[in-house]
$ cat start.cif   # mmCIF, C-alpha atoms and all ligand atoms
data_target
#
loop_
_atom_site.label_atom_id
_atom_site.label_comp_id
_atom_site.auth_asym_id
_atom_site.auth_seq_id
_atom_site.Cartn_x
_atom_site.Cartn_y
_atom_site.Cartn_z
CA MET A 233 11.15 14.46 -17.95
CA THR A 234 10.58 15.44 -14.30
CA GLU A 235 12.68 13.35 -11.86
CA ARG A 236 10.41 10.94 -9.97
CA PHE A 237 9.63 12.12 -6.45
CA GLY A 238 6.97 10.76 -4.09
CA VAL A 239 5.05 12.28 -1.20
CA TYR A 240 3.40 10.11 1.45
CA VAL A 241 0.86 11.56 3.90
CA HIS A 242 -0.09 9.45 6.93
CA ILE A 243 -3.56 9.63 8.52
CA PRO A 244 -3.42 7.78 11.87
CA PHE A 245 -7.15 7.47 12.62
CA CYS A 246 -9.58 4.54 12.27
CA ALA A 247 -13.18 4.01 13.34
CA HIS A 248 -12.38 0.49 14.48
CA ARG A 249 -9.14 -1.43 15.05
CA CYS A 250 -8.82 -4.60 12.95
CA ASP A 251 -7.12 -7.13 15.14
CA TYR A 252 -4.55 -8.18 12.50
CA CYS A 253 -3.35 -4.64 11.81
CA ALA A 254 -0.06 -3.24 13.10
CA PHE A 255 -0.12 0.11 11.31
CA ALA A 256 0.29 3.36 13.28
CA THR A 257 -3.38 4.15 13.80
CA TRP A 258 -5.70 4.96 16.70
CA THR A 259 -9.46 4.69 17.28
CA ASP A 260 -9.76 7.08 20.24
CA ARG A 261 -8.11 10.24 18.91
CA ALA A 262 -10.87 11.81 16.78
CA HIS A 263 -10.56 15.01 18.85
CA LEU A 264 -7.08 15.50 17.37
CA ILE A 265 -8.12 15.35 13.70
CA ASP A 266 -8.45 19.09 13.00
CA ASP A 267 -5.16 19.95 14.70
CA TYR A 268 -3.50 17.05 12.92
CA LEU A 269 -4.61 18.24 9.47
CA ALA A 270 -3.38 21.76 10.33
CA ALA A 271 -0.01 20.32 11.45
CA LEU A 272 0.27 18.40 8.17
CA ARG A 273 -0.18 21.65 6.24
CA THR A 274 2.53 23.24 8.37
CA GLU A 275 4.96 20.35 7.94
CA VAL A 276 4.38 20.35 4.16
CA SER A 277 4.92 24.14 3.99
CA TRP A 278 8.27 23.79 5.80
CA ALA A 279 9.40 21.23 3.24
CA VAL A 280 8.21 23.38 0.33
CA ASP A 281 10.09 26.39 1.75
CA ALA A 282 13.19 24.19 2.05
CA GLY A 283 13.01 23.40 -1.69
CA MET A 284 11.14 20.07 -1.84
CA PRO A 285 10.86 18.89 -5.47
CA VAL A 286 7.47 18.69 -7.15
CA ALA A 287 5.83 15.31 -6.59
CA THR A 288 5.20 12.92 -9.45
CA SER A 289 3.08 10.82 -7.08
CA VAL A 290 1.28 11.43 -3.80
CA PHE A 291 -0.11 8.66 -1.60
CA VAL A 292 -2.40 9.39 1.35
CA GLY A 293 -2.44 6.27 3.50
CA GLY A 294 -3.35 5.18 6.98
CA GLY A 295 -5.09 4.38 9.10
CA THR A 296 -8.23 5.46 7.32
CA PRO A 297 -7.81 8.68 5.33
CA SER A 298 -11.47 8.55 4.23
CA LEU A 299 -12.52 8.94 7.88
CA VAL A 300 -11.30 12.54 8.21
CA PRO A 301 -13.28 15.46 6.71
CA ALA A 302 -12.78 15.41 2.95
CA ASP A 303 -12.38 19.22 2.75
CA GLY A 304 -9.66 19.12 5.38
CA LEU A 305 -7.77 16.39 3.57
CA ALA A 306 -8.23 18.18 0.23
CA ALA A 307 -6.66 21.29 1.80
CA VAL A 308 -3.59 19.25 2.82
CA ILE A 309 -3.26 17.77 -0.68
CA ARG A 310 -3.50 21.23 -2.25
CA CYS A 311 -0.40 22.27 -0.25
CA VAL A 312 1.73 19.64 -2.01
CA PRO A 313 3.29 20.91 -5.27
CA VAL A 314 2.73 18.26 -7.95
CA ALA A 315 4.03 17.73 -11.47
CA PHE A 316 1.61 17.76 -14.41
CA GLY A 317 -0.13 14.38 -14.61
CA ALA A 318 0.92 13.32 -11.08
CA GLU A 319 -0.72 10.22 -9.63
CA VAL A 320 -2.55 11.15 -6.41
CA THR A 321 -4.02 8.25 -4.39
CA ILE A 322 -6.13 8.15 -1.24
CA GLU A 323 -6.79 4.96 0.73
CA CYS A 324 -10.49 4.57 1.54
CA ASN A 325 -12.59 2.22 3.62
CA PRO A 326 -15.65 1.13 1.58
CA ASP A 327 -18.19 2.29 4.18
CA ASP A 328 -16.93 5.90 3.96
CA VAL A 329 -17.06 6.28 0.18
CA THR A 330 -19.78 8.48 -1.31
CA GLU A 331 -19.95 10.42 -4.56
CA ASP A 332 -19.52 13.68 -2.60
CA LEU A 333 -16.37 12.39 -0.92
CA ILE A 334 -14.81 11.28 -4.21
CA ASP A 335 -15.87 14.50 -5.91
CA THR A 336 -14.16 16.59 -3.20
CA TYR A 337 -11.01 14.49 -3.59
CA ALA A 338 -11.09 14.78 -7.39
CA LYS A 339 -11.33 18.58 -7.20
CA ALA A 340 -8.11 18.55 -5.15
CA GLY A 341 -6.31 16.57 -7.88
CA VAL A 342 -6.89 13.02 -6.64
CA ASP A 343 -7.01 10.62 -9.61
CA ARG A 344 -6.87 7.24 -7.83
CA VAL A 345 -8.39 5.63 -4.74
CA SER A 346 -7.39 2.38 -3.11
CA ILE A 347 -10.38 0.67 -1.52
CA GLY A 348 -9.90 -1.73 1.40
CA VAL A 349 -12.29 -4.48 0.33
CA GLN A 350 -10.46 -7.42 2.02
CA SER A 351 -13.19 -9.97 1.23
CA MET A 352 -16.39 -10.27 -0.77
CA VAL A 353 -17.78 -13.08 1.44
CA PRO A 354 -19.85 -11.97 4.47
CA HIS A 355 -18.60 -14.55 7.00
CA VAL A 356 -14.96 -13.79 6.07
CA LEU A 357 -15.52 -10.05 6.49
CA ALA A 358 -16.96 -10.87 9.91
CA ALA A 359 -13.96 -13.06 10.78
CA LEU A 360 -11.68 -10.16 9.82
CA GLY A 361 -13.76 -7.87 12.04
CA ARG A 362 -14.51 -5.47 9.21
CA THR A 363 -17.27 -2.89 9.51
CA HIS A 364 -18.43 -2.85 5.86
CA ASP A 365 -20.48 -5.24 3.74
CA ILE A 366 -20.42 -6.19 0.08
CA GLY A 367 -23.06 -3.58 -0.75
CA ASN A 368 -20.68 -0.88 0.56
CA VAL A 369 -17.98 -2.09 -1.82
CA GLU A 370 -20.33 -2.06 -4.81
CA ARG A 371 -21.60 1.43 -3.95
CA ALA A 372 -18.04 2.68 -3.45
CA VAL A 373 -16.93 1.45 -6.87
CA ALA A 374 -20.07 2.95 -8.47
CA ALA A 375 -19.26 6.32 -6.84
CA VAL A 376 -15.68 6.22 -8.15
CA ARG A 377 -16.95 5.49 -11.66
CA LYS A 378 -19.67 8.14 -11.51
CA VAL A 379 -17.17 10.85 -10.57
CA GLY A 380 -14.84 9.51 -13.25
CA LEU A 381 -11.55 9.06 -11.37
CA ARG A 382 -8.77 7.95 -13.70
CA THR A 383 -8.22 4.65 -11.89
CA PHE A 384 -8.70 2.68 -8.65
CA ASN A 385 -7.44 -0.30 -6.71
CA LEU A 386 -9.15 -2.97 -4.64
CA ASP A 387 -7.20 -4.47 -1.70
CA ILE A 388 -8.12 -8.06 -0.84
CA ILE A 389 -6.68 -10.41 1.82
CA TYR A 390 -6.44 -14.21 1.85
CA GLY A 391 -5.99 -16.42 4.90
CA ALA A 392 -8.64 -15.32 7.41
CA VAL A 393 -9.81 -17.98 9.84
CA GLY A 394 -12.73 -19.93 8.38
CA GLU A 395 -12.02 -18.80 4.83
CA SER A 396 -12.07 -21.79 2.45
CA THR A 397 -10.30 -21.73 -0.89
CA ALA A 398 -13.80 -21.65 -2.43
CA ASP A 399 -14.57 -18.50 -0.39
CA TRP A 400 -11.36 -16.94 -1.66
CA ARG A 401 -12.22 -17.80 -5.24
CA THR A 402 -15.61 -16.11 -4.69
CA THR A 403 -13.87 -13.01 -3.34
CA VAL A 404 -11.60 -12.74 -6.37
CA GLU A 405 -14.48 -13.41 -8.79
CA ARG A 406 -16.79 -10.88 -7.12
CA ALA A 407 -13.99 -8.32 -7.03
CA LEU A 408 -13.31 -8.92 -10.74
CA ALA A 409 -17.02 -8.46 -11.51
CA LEU A 410 -16.47 -4.83 -10.47
CA GLU A 411 -13.90 -4.54 -13.28
CA PRO A 412 -11.08 -3.01 -11.22
CA PRO A 413 -8.06 -1.73 -13.16
CA HIS A 414 -5.79 -2.77 -10.24
CA VAL A 415 -5.94 -5.38 -7.48
CA SER A 416 -3.58 -5.87 -4.51
CA ALA A 417 -3.96 -9.33 -2.96
CA TYR A 418 -2.15 -9.80 0.35
CA GLY A 419 -1.64 -12.96 2.35
CA LEU A 420 -2.84 -12.22 5.89
CA THR A 421 0.34 -11.84 7.96
CA VAL A 422 0.59 -12.32 11.70
CA GLU A 423 2.06 -9.04 12.91
CA PRO A 424 3.82 -9.13 16.30
CA GLY A 425 1.89 -7.40 19.09
CA THR A 426 -1.54 -7.68 17.43
CA PRO A 427 -4.47 -9.59 19.00
CA LEU A 428 -4.19 -12.00 16.05
CA ALA A 429 -0.59 -12.80 17.08
CA ALA A 430 -1.86 -13.84 20.53
CA ASP A 431 -4.30 -16.37 19.05
CA PRO A 432 -2.45 -19.16 17.18
CA ALA A 433 -5.75 -20.94 16.46
CA ARG A 434 -6.43 -18.20 13.89
CA TYR A 435 -3.02 -18.25 12.19
CA PRO A 436 -3.23 -18.75 8.43
CA ASP A 437 -1.96 -22.02 6.98
CA ASP A 438 1.04 -21.63 4.62
CA ASP A 439 -0.05 -24.31 2.14
CA THR A 440 -3.60 -22.98 1.91
CA GLN A 441 -2.27 -19.47 1.38
CA ALA A 442 0.00 -20.75 -1.40
CA ASP A 443 -3.02 -22.34 -3.12
CA GLU A 444 -4.96 -19.11 -2.68
CA TYR A 445 -2.16 -17.09 -4.22
CA GLU A 446 -2.24 -19.35 -7.27
CA ILE A 447 -6.03 -19.02 -7.57
CA ALA A 448 -5.71 -15.22 -7.43
CA ASP A 449 -2.94 -15.16 -10.02
CA GLU A 450 -4.89 -17.41 -12.42
CA LEU A 451 -8.15 -15.47 -12.17
CA LEU A 452 -6.61 -12.00 -12.22
CA THR A 453 -4.32 -12.79 -15.14
CA ALA A 454 -7.17 -14.36 -17.11
CA ALA A 455 -9.16 -11.15 -16.56
CA GLY A 456 -6.38 -9.07 -18.13
CA LEU A 457 -4.66 -7.85 -14.97
CA ALA A 458 -0.97 -8.69 -15.23
CA ASN A 459 1.12 -9.39 -12.15
CA TYR A 460 3.77 -6.67 -11.86
CA GLU A 461 4.86 -7.21 -8.26
CA VAL A 462 4.37 -10.24 -6.01
CA SER A 463 1.10 -8.88 -4.52
CA ASN A 464 -0.03 -6.50 -7.28
CA TRP A 465 -1.89 -6.93 -10.57
CA ALA A 466 -2.95 -4.23 -13.04
CA ARG A 467 -4.31 -3.57 -16.49
CA PRO A 468 -1.62 -2.01 -18.68
CA GLY A 469 -1.10 1.64 -17.71
CA HIS A 470 -2.79 1.23 -14.30
CA GLU A 471 0.25 0.11 -12.27
CA CYS A 472 0.65 2.16 -9.06
CA ARG A 473 3.39 4.65 -9.91
CA HIS A 474 3.91 5.54 -6.24
CA ASN A 475 4.71 1.95 -5.28
CA LEU A 476 6.93 1.58 -8.35
CA LEU A 477 8.84 4.60 -7.06
CA TYR A 478 9.46 2.88 -3.69
CA TRP A 479 10.55 -0.33 -5.40
CA GLY A 480 12.88 1.65 -7.68
CA GLN A 481 14.58 3.30 -4.65
CA HIS A 482 13.61 6.82 -5.72
CA ASP A 483 13.35 9.68 -3.25
CA TYR A 484 10.20 10.37 -1.29
CA ARG A 485 9.11 12.52 1.60
CA GLY A 486 6.65 11.37 4.27
CA PHE A 487 4.45 13.73 6.29
CA GLY A 488 2.59 13.01 9.51
CA CYS A 489 3.30 10.72 12.44
CA ALA A 490 5.18 7.48 11.67
CA ALA A 491 5.80 8.61 8.08
CA HIS A 492 9.06 7.53 6.45
CA SER A 493 11.23 9.54 4.05
CA HIS A 494 14.16 8.73 1.78
CA ARG A 495 16.73 10.91 0.08
CA ALA A 496 19.82 9.64 -1.68
CA GLY A 497 20.36 6.61 0.55
CA ARG A 498 19.38 8.31 3.81
CA ARG A 499 16.12 7.21 5.41
CA TRP A 500 14.36 8.79 8.34
CA TRP A 501 11.03 8.53 10.06
CA ASN A 502 8.77 10.72 12.16
CA VAL A 503 7.68 10.16 15.77
CA ARG A 504 5.03 7.43 15.97
CA THR A 505 2.13 8.96 17.90
CA PRO A 506 -0.12 11.82 16.76
CA GLU A 507 0.38 13.57 20.14
CA ARG A 508 4.17 13.69 19.82
CA TYR A 509 3.83 14.77 16.19
CA LEU A 510 1.48 17.64 17.11
CA GLU A 511 3.81 18.68 19.94
CA ALA A 512 6.84 18.83 17.63
CA VAL A 513 5.09 20.81 14.90
CA ALA A 514 3.49 23.23 17.41
CA ALA A 515 6.97 23.90 18.84
CA GLY A 516 8.32 24.58 15.34
CA ARG A 517 10.54 21.48 15.54
CA SER A 518 11.09 18.75 12.98
CA ALA A 519 9.00 15.65 13.77
CA GLU A 520 11.90 13.36 12.82
CA ALA A 521 12.44 10.58 15.37
CA ALA A 522 15.52 8.87 13.92
CA GLY A 523 17.22 7.93 10.68
CA GLU A 524 19.86 5.76 9.04
CA THR A 525 22.12 5.87 6.02
CA LEU A 526 22.63 2.74 3.98
CA ASP A 527 26.15 2.05 2.74
CA ASP A 528 26.53 1.43 -1.00
CA ASP A 529 26.47 -2.35 -0.70
CA ALA A 530 23.39 -2.46 1.55
CA LYS A 531 21.68 -0.06 -0.85
CA ARG A 532 22.59 -2.24 -3.86
CA ILE A 533 21.31 -5.45 -2.21
CA GLU A 534 18.13 -3.77 -1.05
CA GLY A 535 17.58 -2.48 -4.59
CA LEU A 536 17.93 -6.02 -5.93
CA GLN A 537 15.55 -7.41 -3.28
CA LEU A 538 12.91 -4.86 -4.23
CA SER A 539 13.39 -5.32 -7.96
CA LEU A 540 13.30 -9.12 -7.66
CA ARG A 541 9.70 -8.86 -6.41
CA THR A 542 8.67 -6.90 -9.51
CA GLY A 543 8.12 -7.94 -13.11
CA ALA A 544 11.46 -6.30 -13.96
CA GLY A 545 13.40 -8.97 -12.03
CA VAL A 546 17.16 -8.64 -11.50
CA PRO A 547 20.22 -8.55 -13.79
CA ALA A 548 21.39 -12.06 -14.74
CA ASP A 549 24.65 -11.75 -12.78
CA ALA A 550 22.80 -10.99 -9.50
CA LEU A 551 21.56 -14.59 -9.13
CA ASP A 552 22.60 -18.15 -9.96
CA GLY A 553 19.33 -18.67 -11.82
CA GLU A 554 20.34 -22.11 -13.17
CA ALA A 555 20.33 -23.40 -9.59
CA LEU A 556 16.82 -22.02 -9.04
CA ALA A 557 15.04 -23.77 -11.92
CA GLY A 558 11.27 -23.38 -11.67
CA LEU A 559 11.56 -20.37 -9.38
CA VAL A 560 13.07 -17.89 -11.84
CA GLU A 561 13.05 -17.66 -15.61
CA ARG A 562 15.25 -15.79 -18.04
CA HIS A 563 13.83 -12.66 -19.72
CA ASP A 564 16.65 -11.38 -21.98
CA ASP A 565 19.49 -10.48 -19.63
CA ARG A 566 17.45 -10.69 -16.42
CA TRP A 567 16.03 -13.29 -14.03
CA VAL A 568 12.34 -12.86 -13.23
CA LEU A 569 10.37 -14.83 -10.60
CA THR A 570 7.93 -17.46 -11.89
CA ARG A 571 4.55 -17.87 -10.17
CA ARG A 572 6.06 -20.53 -7.89
CA GLY A 573 9.08 -18.28 -7.36
CA ARG A 574 6.83 -15.41 -6.29
CA LEU A 575 5.52 -17.68 -3.53
CA MET A 576 9.11 -18.15 -2.36
CA ALA A 577 10.39 -14.64 -3.07
CA ASN A 578 12.11 -14.36 0.32
CA GLU A 579 13.97 -17.65 -0.13
CA VAL A 580 15.15 -16.55 -3.58
CA ALA A 581 16.11 -13.10 -2.26
CA VAL A 582 18.65 -14.53 0.20
CA ARG A 583 20.59 -15.88 -2.82
CA LEU A 584 21.07 -12.44 -4.36
CA ARG A 585 24.71 -11.48 -4.78
C1 LIG B 601 -3.14 0.08 6.42
S1 LIG B 601 -4.50 -0.46 5.49
C2 LIG B 601 -5.23 1.08 5.11
C3 LIG B 601 -6.52 0.97 4.35
C4 LIG B 601 -7.78 0.84 5.13
N1 LIG B 601 -7.70 1.33 6.43
C5 LIG B 601 -8.22 -0.60 5.17
O1 LIG B 601 -7.91 -1.29 6.12
O2 LIG B 601 -8.91 -0.99 4.26
C6 LIG B 601 -3.81 -0.95 3.93
C7 LIG B 601 -3.97 -2.41 3.60
O3 LIG B 601 -3.09 -3.16 4.37
C8 LIG B 601 -3.54 -4.49 4.37
N2 LIG B 601 -3.21 -5.09 5.68
C9 LIG B 601 -3.25 -4.54 6.90
N3 LIG B 601 -2.82 -5.43 7.84
C10 LIG B 601 -2.51 -6.57 7.18
C11 LIG B 601 -2.02 -7.86 7.59
N4 LIG B 601 -1.77 -8.16 8.88
N5 LIG B 601 -1.81 -8.78 6.63
C12 LIG B 601 -2.05 -8.51 5.33
N6 LIG B 601 -2.52 -7.33 4.89
C13 LIG B 601 -2.74 -6.36 5.80
C14 LIG B 601 -5.03 -4.45 4.09
O4 LIG B 601 -5.31 -5.14 2.88
C15 LIG B 601 -5.33 -3.00 3.90
O5 LIG B 601 -6.23 -2.76 2.87
S1 LIG B 602 -6.59 -2.53 8.55
FE1 LIG B 602 -7.21 -0.45 7.93
S2 LIG B 602 -9.17 -0.07 9.02
FE2 LIG B 602 -8.22 -1.82 10.00
S3 LIG B 602 -7.09 -0.91 11.76
FE3 LIG B 602 -5.62 -1.13 10.03
S4 LIG B 602 -5.67 0.80 8.99
FE4 LIG B 602 -7.52 0.73 10.31
#
$ encode --input "start.cif" --output "structure tokens"
Amino acid sequence: MTERFGVYVHIPFCAHRCDYCAFATWTDRAHLIDDYLAALRTEVSWAVDAGMPVATSVFVGGGTPSLVPADGLAAVIRCVPVAFGAEVTIECNPDDVTEDLIDTYAKAGVDRVSIGVQSMVPHVLAALGRTHDIGNVERAVAAVRKVGLRTFNLDIIYGAVGESTADWRTTVERALALEPPHVSAYGLTVEPGTPLAADPARYPDDDTQADEYEIADELLTAAGLANYEVSNWARPGHECRHNLLYWGQHDYRGFGCAAHSHRAGRRWWNVRTPERYLEAVAAGRSAEAAGETLDDDAKRIEGLQLSLRTGAGVPADALDGEALAGLVERHDDRWVLTRRGRLMANEVAVRLR
């Protein structure tokens, strides 16, 4: 079997900045898009020439990848050598998705899209400052089905200001009515430096978010989507292989500004802004900004922390599970988080040994 290897491609452009988002993305750099896509092709070609392995998964994330011309993005994806049956995902905003867009992606080998739904309740979408409506989401899913992509994900967020637990239940139910094979449900987090961080009146409440997590887990599980990582649920066979690769500490290579890479315990990341990225590639220089190498113990603990959050759990000797009754349960020779444990994954993780 081909060794697992992931490729991440970062697209740092958005039509509108959501005020809770801290990702490396810009709303006033559309004039750079063509040069940026050309630089991505160059950076990928350097890696291929240097012997980069074939990818078993590719993830194009952002920012908003669906905002840039589909042909241009397809040309970048075609430069990445992939293994037979590779999973190739593109993150899309619902208002960009059309049948033509998905068809162009599919012809370049894309077999999965991840759609940023966030909420299925109009006043919550407004509170999140999103630009799409529920009709956009329904049309996007219909387009994905019409083209016949292998699979897709819906991202939803709980904890926006003004969102009641009943609103959240509606979001999960309406999302499930679209019969998604995969759902990622994230608690809204207050990221330092964002406008949300400067406005404590809009901070999510921990207890409400815990209730909302439980509602999501109940409804998603009952619909046949099993939880396989704290924030991720899937029908069997539809788990995101690219994320599983990160959580399994496999190697991956990131392209584009702010993209991270990992090889055999060494991690590095590219310069953060598109301008500095373009400058480096135009000068024939690596876009790497800095890196670090984990020692064996740090690597081992990090591996346990990642695995703890997944359905695989951790080996029995990595945790005093008896002292964490109700938070972990024994599956053969491993400890796996219970639903309540998943809500307290960070507290459990500090006990790893
Ligand atoms: C970087 S976005 C890219 C996808 C697309 N631009 C979008 O927003 O739908 C990926 C996902 O991160 C999640 N996200 C971004 N900021 C977040 C925050 N502060 N808290 C929780 N989830 C967040 C959203 O669910 C979003 O779908
Ligand atoms: S959440 Fe998505 S659309 Fe909003 S600013 Fe971040 S990357 Fe862009």
$ residues_around --input "start.cif" --residues "segment 469-475 of chain A" --least-positions-apart "5" --cutoff "8 Å" --atoms "all atoms listed in the file" --output "PyMOL selection string"
chain A and resi 238+289-291+319+383+413-414+460
$ residues_near_ligand --input "start.cif" --ligand "ligand LIG 601 (chain B)" --cutoff "7 Å" --atoms "all atoms listed in the file" --output "PyMOL selection string"
chain A and resi 246+252-255+293-296+323-325+347-350+387-389+418-423
$ residues_around --input "start.cif" --residues "Gly341 of chain A" --least-positions-apart "4" --cutoff "10 Å" --atoms "all atoms listed in the file" --output "list of chain:residue names"
A:Ala306, A:Ile309, A:Arg310, A:Val314, A:Gly317, A:Ala318, A:Glu319, A:Val320, A:Thr321, A:Asp335, A:Thr336, A:Tyr337, A:Leu381
$ residues_around --input "start.cif" --residues "segment 497-512 of chain A" --least-positions-apart "2" --cutoff "6 Å" --atoms "all atoms listed in the file" --output "MDAnalysis selection string"
chainID A and resid 489:495 514:515 517 519:526
$ atom_distance --input "start.cif" --atom1 "atom CA of Ile265 of chain A" --atom2 "atom CA of Ala429 of chain A"
29.3 Å
